[in-house]
Each structure stands twice: as C-alpha cells, then as structure tokens.
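The structure under discussion appears below in the form of structure tokens.
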Amino acid sequence: MLSVNVLLAACIGYVILLFSIAFIVDRRTRKKPIGWLHSPVVYTLSISVYCTSWTFYGAVGSAARNGLEFITIYLGPTLVFVGWWWLLRKLVRIGRAHKITSIADLISSRYGKSPSLAVIVTVIAVIATTPYIALQLQSVTRSYQVIAGEADGITTAFWIAAGMALFTILFGTRNLDANERHHGVVAAIAVEAIVKLCALLAVGIFATYSVADGLGDIFDDVTIEAIRGSGDIFGPRWATLMFLSATAIICLPRQFQVTVVENIEERHLATASWLFPLYLFGMTLFIMPIALVGLDVMPAGSNPDLYVLTLPLAKQQNELVLLAFLGGFSSATSMVILAAIAVSTMVSNHIVMPVALRLIPASKEVSGDVRSLLLTSRRISIGLILALGFLYFYVSGGSDALAAIGLIAFVGVAQFLPSLLGGVFWRGATRAGAISGLLIGFVFWVYTLFLPSFGGDFILSADAIEYGLWGIEVLRPQALFGLTDMDPLVHAVVWSVGCNALAFILISGLTQNNALEHLQSTLFVDVFRSAGGAPSSFSNAAADSEDLFVLAQRILGAEPARKLFDEMAHAQGQEEGLPHATDTVIARLERELSGSIGAASAHAMVTRIAGRQTVGMTELIDIADETQQLIETSRQLSEKSEELQNTAKQLRIVNERLRTLDAQKDDFLSQVSHELRTPMTSIRSFSEILMNDPDISETDKARFVSIIQDESLRLTRLLDEILDISRLEAGMSQIKLLQMDANDAVQAALDTVSGMTRTAGVRVKTDLDEGPVDILVNDDRLRQVMINVLSNAVKYNTASEPEIFVRTKRVNNSVFIDIIDNGGGVPADVSGSIFDKFTRGAHEGNNNGAGLGLAISLAIMRAMNGNLTLEHMPDKTNFFRLSLENPTANL
Amino acid sequence: MAKRILLVEDEPHIVESLTFLLEKSGFEVSVEINGRQALNHALSAPPDALILDVMLPELDGYEVLRQLRDDARTAKLPILMLTAKGQREDREMAARCGADRFMTKPFANADLIAAVKELANVGQD
C-alpha cells in the first residue's frame, strides 16, 4: 500500500518541479524572448489542457457506464481542429489585431467595445467555470481518498482548493505580464500534458497487457451493447455531445486563453490542427480497455470513475498508482490554473478595474498603484473563483458523476457560441442581439441545467425540479413547456442554445449597428482583408507598414515620419513606397517613437499595429499614465522654457544696457583724456619755453606764467566737474532737500549773475508766479544749475539787444522755471546732444568750458526729483526749462 | 627767405605757444582756427608745411587732410597732425588720410620743432 506521506511528498515534489519550470521559463523569456518555447509542439501541448481530470478519470467512468459515448467529447474538438481550423485562425488573427485578452474581451470588442457585454460574458464564464473547478476538486479529493483511506472529503477538498489557489496565484500573477501571456505557465502546462498522457498510456498498457491478456482478450468477452452503451450512437445525445465539445474547445475561457491569447505565432495552429487530434487519440486510446478491464476485474459497486487509480492499486502496483495519481493531479491542476487565470483576467479587466478606475481619485496617478491594484484584484479573483468551486463542491455534495458536471460547464460556455460565430462571420450582428441572446441562453441554462444539478439543495427545491416551479407543470426545469421525454442535457442545450441563437438572430435583425459597432464588425469579419486588401496569408506585413506609417506621422509629424520611412525603405533597397515591416524596421520605429512618447507607449502602439503581441489592460493603463506624465512634463517644460525665454530676454536687455554704458564709459574716458590733454599741452609747452629759453622778455614771461596758471585752474575745474558728475550719476552725492520758494531761488541766481549780465549788456526780465511757489530743493545746487543756464544764455546770445526772460509757473503738480533768451536758443545742430558730456556750442571763442556744465545741471535736477529740458517754441526757437515737483500741491 | 608754416588750431593758448616757438625757430606763421578756412587758405596759398589739429570747428582735421591730398596743389604738402587723443586708431586714421607726421598732445617743444623743420626741408627738396 502506498503511504500517504510518499504520496504527499511526490505531490509536493511535482509541484516544485512545475514551479521551477515556470520560473525558469519566465526568467529566460524576459531576457531572451521565446527560445525553445517558440515551438508549435509546446503550443499544442498547452491546448491539451482540454483534457482535465474529467478525461483522466471520468472518461473511463463514462465508458464503463455508457460505452463509447465518451468519445464524443474528443470527436468534437478533433472535428474543429481538423475541419474548422480556419475558424480558429480567424479568432487568433482577430485576437492579435485587437489585442484581445479573453473571450469576454473579444465579444465585447466586436460589439462596439460594450462594457455590459463584457460583464455578462464574464459572469457566465465565472458561473460555468465553477462546476468545472468543483469537478477537479472532486476528482483529486476522491483519488486522494482512494489512496489515503476514507479521509474527510470536504476537508481534503478545502485544502486542495486552497493549495491550488495559492499555486495559481504564484503561477499566474507572479508578475503582470503586459501582454497577458504566461510563458512560464504554458511551459508547465505542456509538461503536465506529457505527464498525464504518459500516465494514462501506462495504466492503459498495464490494464491491457498485464491485467488482461491483450486487446483481443478484453473485447472477446464484451457484447456490442456494452460498447455502444445505453446511448443511441448518432442519436440526439451523441450529436448534442459532439456539438457541445466542439463548442467547448472554442468557448471555454481556458481554451480561448491557450489557443488565442497565448498564441505566439499564427502558424503554430497549422501544427496543432493535426497534432492536437493526435494527442486526443492518444489520451482516449486505452479508455475503453481500462473501463472494460475494470468492469471485469473490480468488485461490483466500485466507482468506475476511479478505475485508472483503483486498478493498479488493486494489483499492488505502487509506482503505477503514484504515476496515475500524478497524471490525474496534473490534469486537474493544469485546468484549474488556466481556468483561474483566464477567468480572473476577465473579472479583473471587465469588472474590478472599470469600477476601481472610476473610484480611484485622479491624484493617484502613479502607475504602480494601478499595477498593484490590478495584481491584487487578479489574486482575489483567483481566490474567489476557487472558493466558488469549493462551495459548489460542498453544496452539490460531490455526488454526481464527473462527466455530468463537466457537461454543465460545456452547456454554460456554449452560450457564447452564437455571439462569437455571429460576431466574426456576420456583419449584421448587433450588440442588442448579442446581449439578448446571451441573457436568454444564460437564464435557460441556469434553470434547466445548472440549478437542477444541485439536486434540490440550492435555490430550486427537489419538488420544483420534479413538478415545476410553483407546481406549474410547463415550468418543469427538465421538461420545459411540455418538452418531455428528452435527455435532460439535450433538453437544456435545445432550450438554452436554441433560444440564445434565435434571440441573437432576431434582435440583430431588428436593431442597427452604431458607428463603433459597425467599424468593429467590419474589422472582425474582414480581419483577413483589413488594411488595404492584404492577401489572407499568415504574414500581414504589407498592412503593417502602412499602419506604422500613419502611427509615425501622428506622433513624429508628417515630414519627419516621411523622412524616416524613406530612409528605411532605401535601406531595404526600395526606390519608393513604404519599407517592409521587418523586425529591424519595427525596432527602429519603436526607438524613434520612444523618444516622443516613452518606451512603454511606443512599444504598445507599435506592437499593436505590427500585430506581434496583444496589448493588455496593464499596458493600456501604462500608456494612460505615461501620457498623463508626458503632458504634465511637457507643461512644466513649456513653463520652464517660457521662464528661460523671459530671463534670456531680460539678460539681453541688461546686456544691451551694459554695452551701451560700457561704450559711453569708453567714450567718456576718451573725451576726458582729450579734455585733459588740451590744457596740459599749453602748460607743458609754456613751461618748456620758460625753462629752455633764457632770452624771453619779462612781459612774455609774465604772460606765459599767467597762461600756465589759467590752464592749471581749467584743469582743476575740469577734474572737479568730472568728479561731480560721476558722483551725481552714480547717486553718490547726498543732496539735502529743503522746502523753499522758487521765486526766491530765481532772484538769488539773478543776483549772482547780475555782474556778468551787466558787463555783457543783457537785459533781464522776470515773470514770477504769485508766491510762494513751493519747491523741495537744495538751495546751492539749484543756484548752480540756474547760473549755468543763465551764463550760457548770456555767453551764446548773439542778438543785437540781448535779453533774458525768466519766469516761474505752476502746472498741476509741477513747478517750472523757464529761462528764455532772445538769441534763438540752442542751434539745431547741437540741440539733440546738448545734455551730452563735452558738448559745446559751435560759437567761436568760448573754449573755456569743458562742455560738462549742462550734463552736470541735468544730473543735479534729476537728483532733486526734477528735470532739465530743452523746450521748443512754436517758432522753432527753444529755451531751457527746470521742472520740479510741487511738494504742497496735494496738501 | 623764411619757410611759411600754416598752423591750424582752435585752442588759443596752444596757438600762442606754437607761434612763439615757430617764429623763434625762424618760420613765418599763419594761423587758422576753423577747418574750412584752413582748407581754403592752404589751397589758395600753400605753405611750406602744415600743422593740423584734429578737433576743429566746421571741418575736422581728417577731412581737411583728405581734401588737401585730393587737390594737386597740396597733394605733396608736408603735413604734421596734432591730436589730443593719441589712440592707435587716430594714428592709423591720420596715416590713411595722408599725414606725413603724427604727434600727440602734449608734446615736447623740441620734438615738434625738429619735426616741422624736417617736414619743411623735405618739402623743399
């Protein structure tokens, strides 16, 4: 007898092996994509997840009870793969082209990306998967009980469910594969496929050639009735079963997952189309012999569902028992893992995420949050799905034959068929049609098959099952509307699938596609013809490059995109047109786009068009995140650049001013140098004459010395002025301001120049505003300015009867002191530069000043918050105006 | 016969010192304080040598120089330029305009007289 410990150790060891395979493959594919995994054999083996413990244990039970009927479950898929592989190819093509992540995604996408359809399909998938998972729990539990003795079935099932949940979470959500592919899981499933095939073949060979004496021996003892079973071959039940199994290979969520979503290359389907039927043939080869040998050898009343295990056990073949157990275990785990992954993807993508994304506050933009949310929601979904499976097992009591439970799931997922086939072949199919078909089919399925499967323990009472709901005869779940005398399964299929298809067709006919549905329907139905009528081959490269070009134009701009593509076309030796969408081209484009929109988005967009991979929810969320971040970054950048532009502009202005100032300074220095050199020249020249010439007359000597003194004084005055104006302009001169009467200031200044005016014969007139005219000035400085202006007016006045007119007046808040002479004012040629330093009037014989007087006066007036301007009269003559603030104006 | 020098300078004290020096050295000195008048004077009665300031009313020294060089009568007139600026650009400008010598204010009397003597003699030969 095989000990429980050995069994547990073997199981744990086996699980560790599977996990290691998954882990290593995941690691390797991340580093270097694909590798040996890129094999159609692995793909085919992963499809064999179709063969669950239902096949491993249940097929033998079914054969023992109903003879050859079990074969229908494998004939359906065989027919699909051999005869309808073009349908699978179309699904695979659509799956890639539209980044489909699940069957719910496919149906919802086809009907205008309808969220409600996705939810309906997901709910049906969850409910249909539940009994199927329960079935796996049941078979593993029973097989365990067979070896470990009559342990408590519920407890065992619970631990198995918990273990599988953990296992699936570790396997399926270890990382969030962006394109919804699980290379590691697929590899592990492929290994499990080999294990279960070998185990079943081993038991079959053992039963046939060790227990019995070859096939001849087995079949000799059996009547044709036992082989044919109770069922009528090619009767309604056979046809129904074949229809259901054919449907299941397409519509079961896990089959859709491995066949469409996990598909790496379309051409792998070509291999699978013959290899998968061959695998099924291998799996079913010894079912009948095992069943017959079991019936013959095993004691009456033993469960035929467990012959695969009990037969070697009865013959004390411990190793074979272990292998058989592991085979069954493999069948169950592979199904549970993939079903849980497939269904949890649907639940999290179509139910949890839409809700969560709406609930997450906009501030939570960090992609990590969404990622972890998605991961968590997947994990919880997996836990929930297994919990539901366990609950079903618990409620149904685990009493039904394995096959019956599996068929409930088959009929459930068969509800997808009308919408799916209609979706990919009939452009007129509408969302309303799909929704009504699915809902009606679902209701019929639940009522006629799912609820009765609990045998009256769940919602529907036993009475209701027997006599109809509320005792109404026509509502009998298994003989609805008087459709009696029918196999319950056929009955359920006829009602649910029949009404589903009918409603789908009728409502589709009555409703119209909206714009998006219309677009999607064309894209789906004409998937092989899309993008410029590319020939329906396995390569859609021609279509790709055009789409890639459109994408590049949108992101890079028309001109750069054209340049890039021309360049790539040239690199391929093409004179014109678009380059072929080779890997090089795609990689190059992705790189170019990454520069504009970030790597994740670029990858997602390019691969989406190139059709190399599907794009999952996560990636789309990444794109959204990245786009948002990009928008934010670009907003910040444009702010920064504006800031920089402003700063640069200010710098330019300041620089300009500094340059001007520098030039002015140079100019000033050069002028100062010139102004200093002139008196210096006289001083030096005369002092040299005085020094070197002993014969100079005393008169000349005296004159020369006086010239030297004059020029020395001129130098001193010049230096004083230069110092003064420098200080005034630098704001370094502290000018103390006091309030005084402008009229008094004018009088004082006129007194000072009275000697000069009298000598020059200039008449002075005044017109003073009614005093006091308050101004805030420095007395001495104001007088300095006025004397300067007045003496200019005296010096430069060439009128025959020279006259100076001084007036004060108040205008608004200002006080003006105007000094007007009748000599015509400043000549036009210097009036523009009269306030510049070292500017002198062009009058002859006035070379005494250095030309700094007006510049200093202006600086003084400004230092007293006033101004000195040259004002023009209507007759083009001009005069000087001293303007000052009136401090009492506002009082 | 004494060499005749035309002195063009608008600073009265400089005119006075130069006139004194030149006459002492045996030159006959005429003075102009305005660029235009200086030009007319030099063209109508070319001196043996010309001393020309740069900063002048009406026409500046460079312009006077240029116009003198353009006229056949004064194309070879020996000219000494005097300037109160003395930067390299002024020196180059003077050379370009055709000055024979260039001196910066303030100058040593002996240098100036030597230069004028040389110019007047060269011009004679």
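To be explicit about the labels: the chains of the structure tokens are called A, B, and onward in the order shown, and within each one the residues are counted from 1, while ligands get numbers from 1 in the order they are shown.
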
Please, which residues of chain B lie no more than 12 Å from chain A when the count uses only C-alpha atoms, and can they be set out as a PDB file with N, CA, C and O atoms, in the first residue's frame?
ATOM      1  N   GLU B   9      44.685 125.434 -35.519  1.00  0.00           N
ATOM      2  CA  GLU B   9      44.472 125.009 -34.125  1.00  0.00           C
ATOM      3  C   GLU B   9      43.449 125.948 -33.513  1.00  0.00           C
ATOM      4  O   GLU B   9      43.501 127.158 -33.724  1.00  0.00           O
ATOM      5  N   ASP B  10      42.498 125.398 -32.751  1.00  0.00           N
ATOM      6  CA  ASP B  10      41.452 126.260 -32.211  1.00  0.00           C
ATOM      7  C   ASP B  10      41.662 126.598 -30.741  1.00  0.00           C
ATOM      8  O   ASP B  10      40.855 127.301 -30.145  1.00  0.00           O
ATOM      9  N   GLU B  11      42.678 126.041 -30.120  1.00  0.00           N
ATOM     10  CA  GLU B  11      42.935 126.369 -28.710  1.00  0.00           C
ATOM     11  C   GLU B  11      43.882 127.581 -28.662  1.00  0.00           C
ATOM     12  O   GLU B  11      45.073 127.462 -29.022  1.00  0.00           O
ATOM     13  N   PRO B  12      43.410 128.759 -28.218  1.00  0.00           N
ATOM     14  CA  PRO B  12      44.226 129.984 -28.305  1.00  0.00           C
ATOM     15  C   PRO B  12      45.584 129.869 -27.625  1.00  0.00           C
ATOM     16  O   PRO B  12      46.577 130.352 -28.170  1.00  0.00           O
ATOM     17  N   HIS B  13      45.631 129.206 -26.449  1.00  0.00           N
ATOM     18  CA  HIS B  13      46.910 129.133 -25.734  1.00  0.00           C
ATOM     19  C   HIS B  13      47.921 128.264 -26.459  1.00  0.00           C
ATOM     20  O   HIS B  13      49.110 128.536 -26.467  1.00  0.00           O
ATOM     21  N   ILE B  14      47.434 127.216 -27.097  1.00  0.00           N
ATOM     22  CA  ILE B  14      48.336 126.352 -27.861  1.00  0.00           C
ATOM     23  C   ILE B  14      48.852 127.115 -29.084  1.00  0.00           C
ATOM     24  O   ILE B  14      50.041 127.052 -29.433  1.00  0.00           O
ATOM     25  N   VAL B  15      47.930 127.865 -29.721  1.00  0.00           N
ATOM     26  CA  VAL B  15      48.326 128.686 -30.878  1.00  0.00           C
ATOM     27  C   VAL B  15      49.435 129.633 -30.449  1.00  0.00           C
ATOM     28  O   VAL B  15      50.452 129.775 -31.137  1.00  0.00           O
ATOM     29  N   GLU B  16      49.226 130.233 -29.276  1.00  0.00           N
ATOM     30  CA  GLU B  16      50.181 131.231 -28.802  1.00  0.00           C
ATOM     31  C   GLU B  16      51.565 130.616 -28.577  1.00  0.00           C
ATOM     32  O   GLU B  16      52.580 131.147 -29.018  1.00  0.00           O
ATOM     33  N   SER B  17      51.592 129.451 -27.917  1.00  0.00           N
ATOM     34  CA  SER B  17      52.891 128.833 -27.611  1.00  0.00           C
ATOM     35  C   SER B  17      53.581 128.365 -28.886  1.00  0.00           C
ATOM     36  O   SER B  17      54.778 128.564 -29.069  1.00  0.00           O
ATOM     37  N   LEU B  18      52.787 127.771 -29.817  1.00  0.00           N
ATOM     38  CA  LEU B  18      53.387 127.254 -31.060  1.00  0.00           C
ATOM     39  C   LEU B  18      53.898 128.407 -31.938  1.00  0.00           C
ATOM     40  O   LEU B  18      54.980 128.317 -32.524  1.00  0.00           O
ATOM     41  N   THR B  19      53.096 129.467 -32.015  1.00  0.00           N
ATOM     42  CA  THR B  19      53.530 130.622 -32.809  1.00  0.00           C
ATOM     43  C   THR B  19      54.866 131.158 -32.280  1.00  0.00           C
ATOM     44  O   THR B  19      55.797 131.411 -33.030  1.00  0.00           O
ATOM     45  N   PHE B  20      54.916 131.292 -30.951  1.00  0.00           N
ATOM     46  CA  PHE B  20      56.130 131.775 -30.303  1.00  0.00           C
ATOM     47  C   PHE B  20      57.324 130.897 -30.661  1.00  0.00           C
ATOM     48  O   PHE B  20      58.372 131.374 -31.089  1.00  0.00           O
ATOM     49  N   LEU B  21      57.120 129.571 -30.521  1.00  0.00           N
ATOM     50  CA  LEU B  21      58.201 128.614 -30.779  1.00  0.00           C
ATOM     51  C   LEU B  21      58.654 128.660 -32.234  1.00  0.00           C
ATOM     52  O   LEU B  21      59.852 128.717 -32.538  1.00  0.00           O
ATOM     53  N   LEU B  22      57.680 128.632 -33.165  1.00  0.00           N
ATOM     54  CA  LEU B  22      57.997 128.563 -34.592  1.00  0.00           C
ATOM     55  C   LEU B  22      58.685 129.838 -35.072  1.00  0.00           C
ATOM     56  O   LEU B  22      59.662 129.773 -35.835  1.00  0.00           O
ATOM     57  N   LYS B  24      60.406 131.793 -33.263  1.00  0.00           N
ATOM     58  CA  LYS B  24      61.739 131.755 -32.677  1.00  0.00           C
ATOM     59  C   LYS B  24      62.681 130.935 -33.540  1.00  0.00           C
ATOM     60  O   LYS B  24      63.872 131.213 -33.645  1.00  0.00           O
ATOM     61  N   SER B  25      62.109 129.879 -34.177  1.00  0.00           N
ATOM     62  CA  SER B  25      62.928 128.991 -34.996  1.00  0.00           C
ATOM     63  C   SER B  25      63.071 129.514 -36.420  1.00  0.00           C
ATOM     64  O   SER B  25      63.565 128.818 -37.307  1.00  0.00           O
ATOM     65  N   ILE B  33      41.800 128.965 -37.202  1.00  0.00           N
ATOM     66  CA  ILE B  33      41.196 128.236 -36.073  1.00  0.00           C
ATOM     67  C   ILE B  33      39.958 127.470 -36.521  1.00  0.00           C
ATOM     68  O   ILE B  33      39.255 126.867 -35.718  1.00  0.00           O
ATOM     69  N   ASN B  34      39.684 127.447 -37.821  1.00  0.00           N
ATOM     70  CA  ASN B  34      38.473 126.817 -38.327  1.00  0.00           C
ATOM     71  C   ASN B  34      38.868 125.948 -39.518  1.00  0.00           C
ATOM     72  O   ASN B  34      39.648 126.344 -40.378  1.00  0.00           O
ATOM     73  N   ASP B  53      45.468 120.440 -36.403  1.00  0.00           N
ATOM     74  CA  ASP B  53      44.788 119.792 -35.261  1.00  0.00           C
ATOM     75  C   ASP B  53      43.655 118.935 -35.804  1.00  0.00           C
ATOM     76  O   ASP B  53      43.180 119.135 -36.919  1.00  0.00           O
ATOM     77  N   VAL B  54      43.202 117.969 -34.991  1.00  0.00           N
ATOM     78  CA  VAL B  54      42.108 117.087 -35.454  1.00  0.00           C
ATOM     79  C   VAL B  54      40.759 117.701 -35.108  1.00  0.00           C
ATOM     80  O   VAL B  54      39.869 117.805 -35.949  1.00  0.00           O
ATOM     81  N   MET B  55      40.575 118.088 -33.845  1.00  0.00           N
ATOM     82  CA  MET B  55      39.287 118.609 -33.399  1.00  0.00           C
ATOM     83  C   MET B  55      39.175 120.078 -33.783  1.00  0.00           C
ATOM     84  O   MET B  55      39.781 120.925 -33.153  1.00  0.00           O
ATOM     85  N   LEU B  56      38.431 120.314 -34.855  1.00  0.00           N
ATOM     86  CA  LEU B  56      38.286 121.682 -35.338  1.00  0.00           C
ATOM     87  C   LEU B  56      36.813 121.994 -35.580  1.00  0.00           C
ATOM     88  O   LEU B  56      36.041 121.092 -35.920  1.00  0.00           O
ATOM     89  N   PRO B  57      36.416 123.244 -35.455  1.00  0.00           N
ATOM     90  CA  PRO B  57      35.058 123.612 -35.833  1.00  0.00           C
ATOM     91  C   PRO B  57      34.854 123.445 -37.336  1.00  0.00           C
ATOM     92  O   PRO B  57      35.806 123.567 -38.102  1.00  0.00           O
ATOM     93  N   GLU B  58      33.599 123.189 -37.720  1.00  0.00           N
ATOM     94  CA  GLU B  58      33.151 123.067 -39.117  1.00  0.00           C
ATOM     95  C   GLU B  58      33.709 121.866 -39.862  1.00  0.00           C
ATOM     96  O   GLU B  58      32.960 120.975 -40.242  1.00  0.00           O
ATOM     97  N   LEU B  59      34.995 121.799 -40.133  1.00  0.00           N
ATOM     98  CA  LEU B  59      35.577 120.610 -40.765  1.00  0.00           C
ATOM     99  C   LEU B  59      36.625 120.080 -39.820  1.00  0.00           C
ATOM    100  O   LEU B  59      37.454 120.832 -39.332  1.00  0.00           O
ATOM    101  N   LEU B  82      48.316 117.012 -35.337  1.00  0.00           N
ATOM    102  CA  LEU B  82      48.375 117.073 -33.872  1.00  0.00           C
ATOM    103  C   LEU B  82      47.034 116.600 -33.345  1.00  0.00           C
ATOM    104  O   LEU B  82      45.988 116.992 -33.850  1.00  0.00           O
ATOM    105  N   THR B  83      47.061 115.745 -32.360  1.00  0.00           N
ATOM    106  CA  THR B  83      45.770 115.334 -31.805  1.00  0.00           C
ATOM    107  C   THR B  83      45.871 115.214 -30.310  1.00  0.00           C
ATOM    108  O   THR B  83      46.921 114.876 -29.764  1.00  0.00           O
ATOM    109  N   ALA B  84      44.734 115.459 -29.656  1.00  0.00           N
ATOM    110  CA  ALA B  84      44.699 115.322 -28.197  1.00  0.00           C
ATOM    111  C   ALA B  84      44.245 113.917 -27.805  1.00  0.00           C
ATOM    112  O   ALA B  84      44.057 113.628 -26.641  1.00  0.00           O
ATOM    113  N   LYS B  85      44.038 113.062 -28.791  1.00  0.00           N
ATOM    114  CA  LYS B  85      43.513 111.732 -28.449  1.00  0.00           C
ATOM    115  C   LYS B  85      44.640 110.715 -28.321  1.00  0.00           C
ATOM    116  O   LYS B  85      44.864 110.141 -27.273  1.00  0.00           O
ATOM    117  N   GLY B  86      45.358 110.496 -29.424  1.00  0.00           N
ATOM    118  CA  GLY B  86      46.541 109.660 -29.316  1.00  0.00           C
ATOM    119  C   GLY B  86      46.329 108.163 -29.309  1.00  0.00           C
ATOM    120  O   GLY B  86      47.251 107.407 -29.058  1.00  0.00           O
ATOM    121  N   GLN B  87      45.130 107.730 -29.538  1.00  0.00           N
ATOM    122  CA  GLN B  87      44.952 106.281 -29.618  1.00  0.00           C
ATOM    123  C   GLN B  87      45.448 105.763 -30.962  1.00  0.00           C
ATOM    124  O   GLN B  87      45.661 106.519 -31.892  1.00  0.00           O
ATOM    125  N   ASP B  90      43.578 106.748 -34.095  1.00  0.00           N
ATOM    126  CA  ASP B  90      43.816 108.097 -34.618  1.00  0.00           C
ATOM    127  C   ASP B  90      45.072 108.125 -35.476  1.00  0.00           C
ATOM    128  O   ASP B  90      45.105 108.736 -36.542  1.00  0.00           O
ATOM    129  N   MET B 103      51.618 113.693 -34.212  1.00  0.00           N
ATOM    130  CA  MET B 103      52.100 113.923 -32.848  1.00  0.00           C
ATOM    131  C   MET B 103      50.936 114.080 -31.894  1.00  0.00           C
ATOM    132  O   MET B 103      49.874 114.593 -32.254  1.00  0.00           O
ATOM    133  N   THR B 104      51.152 113.604 -30.680  1.00  0.00           N
ATOM    134  CA  THR B 104      50.103 113.638 -29.685  1.00  0.00           C
ATOM    135  C   THR B 104      50.346 114.767 -28.703  1.00  0.00           C
ATOM    136  O   THR B 104      51.474 115.008 -28.292  1.00  0.00           O
ATOM    137  N   LYS B 105      49.256 115.423 -28.323  1.00  0.00           N
ATOM    138  CA  LYS B 105      49.339 116.473 -27.304  1.00  0.00           C
ATOM    139  C   LYS B 105      49.316 115.815 -25.931  1.00  0.00           C
ATOM    140  O   LYS B 105      48.575 114.849 -25.757  1.00  0.00           O
ATOM    141  N   PRO B 106      50.023 116.212 -24.928  1.00  0.00           N
ATOM    142  CA  PRO B 106      51.027 117.285 -25.011  1.00  0.00           C
ATOM    143  C   PRO B 106      52.338 116.765 -25.593  1.00  0.00           C
ATOM    144  O   PRO B 106      52.638 115.594 -25.445  1.00  0.00           O
ATOM    145  N   PHE B 107      53.060 117.618 -26.225  1.00  0.00           N
ATOM    146  CA  PHE B 107      54.297 117.209 -26.920  1.00  0.00           C
ATOM    147  C   PHE B 107      55.481 117.966 -26.340  1.00  0.00           C
ATOM    148  O   PHE B 107      55.312 118.996 -25.650  1.00  0.00           O
ATOM    149  N   ALA B 108      56.672 117.473 -26.629  1.00  0.00           N
ATOM    150  CA  ALA B 108      57.878 118.212 -26.239  1.00  0.00           C
ATOM    151  C   ALA B 108      58.139 119.239 -27.324  1.00  0.00           C
ATOM    152  O   ALA B 108      58.102 118.917 -28.513  1.00  0.00           O
ATOM    153  N   ASN B 109      58.401 120.473 -26.928  1.00  0.00           N
ATOM    154  CA  ASN B 109      58.621 121.547 -27.902  1.00  0.00           C
ATOM    155  C   ASN B 109      59.709 121.183 -28.916  1.00  0.00           C
ATOM    156  O   ASN B 109      59.536 121.383 -30.128  1.00  0.00           O
ATOM    157  N   ALA B 110      60.816 120.612 -28.393  1.00  0.00           N
ATOM    158  CA  ALA B 110      61.963 120.307 -29.260  1.00  0.00           C
ATOM    159  C   ALA B 110      61.577 119.316 -30.350  1.00  0.00           C
ATOM    160  O   ALA B 110      61.961 119.465 -31.510  1.00  0.00           O
ATOM    161  N   ASP B 111      60.768 118.279 -29.950  1.00  0.00           N
ATOM    162  CA  ASP B 111      60.336 117.270 -30.932  1.00  0.00           C
ATOM    163  C   ASP B 111      59.529 117.921 -32.032  1.00  0.00           C
ATOM    164  O   ASP B 111      59.701 117.618 -33.216  1.00  0.00           O
ATOM    165  N   LEU B 112      58.630 118.801 -31.611  1.00  0.00           N
ATOM    166  CA  LEU B 112      57.739 119.418 -32.589  1.00  0.00           C
ATOM    167  C   LEU B 112      58.532 120.269 -33.579  1.00  0.00           C
ATOM    168  O   LEU B 112      58.351 120.159 -34.794  1.00  0.00           O
ATOM    169  N   ILE B 113      59.420 121.072 -33.027  1.00  0.00           N
ATOM    170  CA  ILE B 113      60.196 121.959 -33.894  1.00  0.00           C
ATOM    171  C   ILE B 113      61.063 121.135 -34.853  1.00  0.00           C
ATOM    172  O   ILE B 113      61.112 121.398 -36.060  1.00  0.00           O
TER     173      ILE B 113
END

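If you look at atom CA of A:Val15 and atom CA of A:Phe167, they are 8.4 Å away from each other.
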
Next item on the list: List every residue of stretch 24-110 of chain B that DSSP, applied to the backbone, labels as strand (DSSP E or B), and write the result as a list in words.
Entry: Glu28, Val29, Ser30, Val31, Glu32, Ala49, Leu50, Ile51, Leu52, Asp53, Ile79, Leu80, Met81, Leu82, Thr83, Arg101, Phe102, Met103 and Thr104 of chain B
